[in-house]
file input.cif (mmCIF, C-alpha atoms)
data_coords
loop_
_atom_site.group_PDB
_atom_site.id
_atom_site.type_symbol
_atom_site.label_atom_id
_atom_site.label_comp_id
_atom_site.auth_asym_id
_atom_site.auth_seq_id
_atom_site.Cartn_x
_atom_site.Cartn_y
_atom_site.Cartn_z
ATOM 1 C CA MET O 1 0.000 0.000 0.000
ATOM 2 C CA GLU O 2 2.856 2.396 0.793
ATOM 3 C CA LYS O 3 4.274 2.088 -2.732
ATOM 4 C CA LEU O 4 0.868 2.841 -4.251
ATOM 5 C CA VAL O 5 0.368 5.919 -2.054
ATOM 6 C CA ASN O 6 3.829 7.174 -3.009
ATOM 7 C CA GLU O 7 3.003 6.686 -6.686
ATOM 8 C CA ILE O 8 -0.232 8.677 -6.263
ATOM 9 C CA VAL O 9 1.659 11.530 -4.602
ATOM 10 C CA ALA O 10 4.345 11.542 -7.317
ATOM 11 C CA VAL O 11 1.821 11.506 -10.170
ATOM 12 C CA ASN O 12 -0.217 14.248 -8.484
ATOM 13 C CA HIS O 13 2.904 16.407 -8.288
ATOM 14 C CA ALA O 14 3.718 15.704 -11.946
ATOM 15 C CA TRP O 15 0.128 16.594 -12.926
ATOM 16 C CA LYS O 16 0.362 19.952 -11.140
ATOM 17 C CA VAL O 17 3.676 20.740 -12.848
ATOM 18 C CA ALA O 18 2.280 19.732 -16.249
ATOM 19 C CA CYS O 19 -0.721 22.027 -15.694
ATOM 20 C CA GLU O 20 1.566 24.934 -14.825
ATOM 21 C CA LEU O 21 3.833 24.369 -17.823
ATOM 22 C CA PHE O 22 1.390 23.280 -20.514
ATOM 23 C CA GLY O 23 -2.124 24.107 -19.254
ATOM 24 C CA HIS O 24 -4.902 21.960 -17.810
ATOM 25 C CA ASP O 25 -6.040 20.679 -21.208
ATOM 26 C CA SER O 26 -2.660 19.515 -22.483
ATOM 27 C CA PRO O 27 -2.282 15.797 -23.260
ATOM 28 C CA LEU O 28 0.368 15.431 -20.541
ATOM 29 C CA SER O 29 -1.875 17.078 -17.942
ATOM 30 C CA THR O 30 -4.933 15.017 -18.778
ATOM 31 C CA SER O 31 -3.017 11.737 -18.930
ATOM 32 C CA SER O 32 -1.347 12.506 -15.577
ATOM 33 C CA GLN O 33 -4.724 13.238 -14.018
ATOM 34 C CA ASP O 34 -6.171 10.033 -15.490
ATOM 35 C CA LEU O 35 -3.240 8.010 -14.123
ATOM 36 C CA LYS O 36 -3.698 9.538 -10.658
ATOM 37 C CA THR O 37 -7.398 8.636 -10.738
ATOM 38 C CA TYR O 38 -6.602 5.078 -11.848
ATOM 39 C CA LEU O 39 -4.091 4.663 -9.005
ATOM 40 C CA GLN O 40 -6.531 6.088 -6.455
ATOM 41 C CA VAL O 41 -9.275 3.718 -7.616
ATOM 42 C CA ARG O 42 -6.819 0.823 -7.347
ATOM 43 C CA LEU O 43 -5.926 1.903 -3.807
ATOM 44 C CA LEU O 44 -9.574 2.110 -2.802
ATOM 45 C CA ARG O 45 -10.570 -1.194 -4.371
ATOM 46 C CA SER O 46 -7.615 -2.950 -2.755
ATOM 47 C CA TYR O 47 -7.640 -1.416 0.723
ATOM 48 C CA ALA O 48 -10.947 0.357 1.492
ATOM 49 C CA PRO O 49 -12.502 0.706 3.941
ATOM 50 C CA GLU O 50 -10.098 -1.100 6.303
ATOM 51 C CA GLN O 51 -6.974 0.960 5.527
ATOM 52 C CA VAL O 52 -8.214 3.920 3.470
ATOM 53 C CA TYR O 53 -11.574 5.619 3.070
ATOM 54 C CA LEU O 54 -13.224 8.539 1.298
ATOM 55 C CA ILE O 55 -14.223 11.641 3.172
ATOM 56 C CA GLU O 56 -15.426 14.904 1.670
ATOM 57 C CA ASP O 57 -12.911 17.700 2.211
ATOM 58 C CA LYS O 58 -15.119 20.460 3.594
ATOM 59 C CA LYS O 59 -12.196 22.927 3.529
ATOM 60 C CA ALA O 60 -11.604 22.586 -0.219
ATOM 61 C CA GLU O 61 -12.498 25.648 -2.214
ATOM 62 C CA GLY O 62 -14.180 25.421 -5.598
ATOM 63 C CA GLU O 63 -14.902 21.914 -6.810
ATOM 64 C CA ARG O 64 -16.141 19.377 -4.259
ATOM 65 C CA LEU O 65 -13.398 16.880 -3.429
ATOM 66 C CA TYR O 66 -12.927 13.642 -1.561
ATOM 67 C CA SER O 67 -9.775 13.050 0.435
ATOM 68 C CA LEU O 68 -8.478 9.507 0.464
ATOM 69 C CA CYS O 69 -7.882 9.293 4.206
ATOM 70 C CA LEU O 70 -5.350 6.753 5.469
ATOM 71 C CA ARG O 71 -6.265 5.019 8.729
ATOM 72 C CA GLU O 72 -2.569 4.712 9.626
ATOM 73 C CA PRO O 73 -0.075 7.363 8.495
ATOM 74 C CA ILE O 74 2.508 6.496 5.883
ATOM 75 C CA GLY O 75 5.460 8.518 7.072
ATOM 76 C CA THR O 76 3.876 11.883 7.809
ATOM 77 C CA ARG O 77 1.203 11.436 5.137
ATOM 78 C CA LEU O 78 -2.412 11.077 6.296
ATOM 79 C CA TYR O 79 -4.057 11.306 2.855
ATOM 80 C CA ALA O 80 -3.542 9.860 -0.633
ATOM 81 C CA GLU O 81 -4.397 13.177 -2.292
ATOM 82 C CA HIS O 82 -7.805 14.443 -3.462
ATOM 83 C CA LEU O 83 -10.279 12.900 -5.872
ATOM 84 C CA PRO O 84 -12.955 15.184 -7.333
ATOM 85 C CA ILE O 85 -16.399 13.932 -6.353
ATOM 86 C CA ARG O 86 -17.644 14.237 -9.954
ATOM 87 C CA ILE O 87 -14.854 11.896 -11.094
ATOM 88 C CA ALA O 88 -15.460 9.457 -8.230
ATOM 89 C CA GLN O 89 -19.103 9.262 -9.275
ATOM 90 C CA LYS O 90 -18.033 8.366 -12.833
ATOM 91 C CA VAL O 91 -15.399 5.730 -12.040
ATOM 92 C CA LEU O 92 -16.868 4.079 -8.932
ATOM 93 C CA THR O 93 -20.174 2.280 -8.575
ATOM 94 C CA ASP O 94 -22.804 3.556 -6.139
ATOM 95 C CA LYS O 95 -22.114 0.495 -3.982
ATOM 96 C CA GLU O 96 -18.384 1.239 -3.937
ATOM 97 C CA LEU O 97 -19.006 4.885 -3.009
ATOM 98 C CA VAL O 98 -21.079 3.792 -0.014
ATOM 99 C CA GLN O 99 -18.554 1.093 0.962
ATOM 100 C CA PHE O 100 -15.511 3.352 0.593
ATOM 101 C CA LYS O 101 -17.091 6.107 2.713
ATOM 102 C CA ASN O 102 -17.784 3.602 5.487
ATOM 103 C CA VAL O 103 -15.817 5.135 8.344
#
call {"tool": "encode", "arguments": {"input": "input.cif", "output": "structure tokens"}}
result
Amino acid sequence: MEKLVNEIVAVNHAWKVACELFGHDSPLSTSSQDLKTYLQVRLLRSYAPEQVYLIEDKKAEGERLYSLCLREPIGTRLYAEHLPIRIAQKVLTDKELVQFKNV
């Protein structure tokens, strides 16, 4: 699980850099975002709700986001980045959304 969380963090960082350099709609930006989503879904399907779960980030500004909250920290990390709720609703089933939010 630690390796997967580290991959999510690294891809998220690369996505942000790609957006800054090439814009949000560039092929590199969109493929980085898609890869991050794929990795997050893999993390959830493999480890939720026992080791990771979804919780809405009420402090996020703008788009509504889920945080992938880790039950046990990995290093100093408590979250496996954010997943926009609109994307979660597209890539996860209703049953998975309920299961993964089961805190």
call {"tool": "atom_distance", "arguments": {"input": "input.cif", "atom1": "atom CA of O:Val17", "atom2": "atom CA of O:Ala80"}}
result
17.9 Å
call {"tool": "resolve_selection", "arguments": {"input": "input.cif", "expression": "the PyMOL selection byres ((chain O and resi 4) around 9)", "output": "JSON, numbers by chain"}}
result
{"O": [1, 2, 3, 5, 6, 7, 8, 9, 39, 40, 42, 43]}
call {"tool": "resolve_selection", "arguments": {"input": "input.cif", "expression": "the PyMOL selection byres ((chain O and resi 79) around 6)", "output": "JSON, numbers by chain"}}
result
{"O": [68, 69, 70, 77, 78, 80, 81]}
call {"tool": "atom_distance", "arguments": {"input": "input.cif", "atom1": "atom CA of O:Asp94", "atom2": "atom CA of O:Glu61"}}
result
24.7 Å
call {"tool": "atom_distance", "arguments": {"input": "input.cif", "atom1": "atom CA of O:Tyr53", "atom2": "atom CA of O:Phe100"}}
result
5.2 Å
call {"tool": "residues_around", "arguments": {"input": "input.cif", "residues": "O:Thr37", "least_positions_apart": "3", "cutoff": "9 Å", "atoms": "only C-alpha atoms", "output": "list in words"}}
result
Ile8, Ser32, Gln33, Asp34, Gln40, Val41, Arg42, Leu83, Ile87, Ala88 and Val91 of chain O
call {"tool": "closest_residue", "arguments": {"input": "input.cif", "among": "O:Leu28, O:Ala10, O:Leu54, O:Ala18", "to": "O:Gln99", "atoms": "only C-alpha atoms"}}
result
O:Leu54
call {"tool": "closest_residue", "arguments": {"input": "input.cif", "among": "O:Ser46, O:Ile85, O:Ile74, O:His13", "to": "O:Gly62", "atoms": "all atoms listed in the file"}}
result
O:Ile85
call {"tool": "closest_residue", "arguments": {"input": "input.cif", "among": "O:Tyr47, O:Trp15, O:Tyr38, O:Tyr66", "to": "O:Pro84", "atoms": "only C-alpha atoms"}}
result
O:Tyr66
call {"tool": "axis_aligned_box", "arguments": {"input": "input.cif", "around": "stretch 47-65 of chain O", "padding_each_side": "5 Å", "output": "lines of an AutoDock Vina configuration file"}}
result
center_x = -11.6
center_y = 12.1
center_z = -0.3
size_x = 19.2
size_y = 37.1
size_z = 23.1
call {"tool": "closest_residue", "arguments": {"input": "input.cif", "among": "O:Gly23, O:Ala48, O:Asn12, O:Ser29", "to": "O:Leu97", "atoms": "all atoms listed in the file"}}
result
O:Ala48
call {"tool": "residues_around", "arguments": {"input": "input.cif", "residues": "O:Arg64", "least_positions_apart": "4", "cutoff": "10 Å", "atoms": "all atoms listed in the file", "output": "number ranges by chain"}}
result
O: 56-60, 82-86
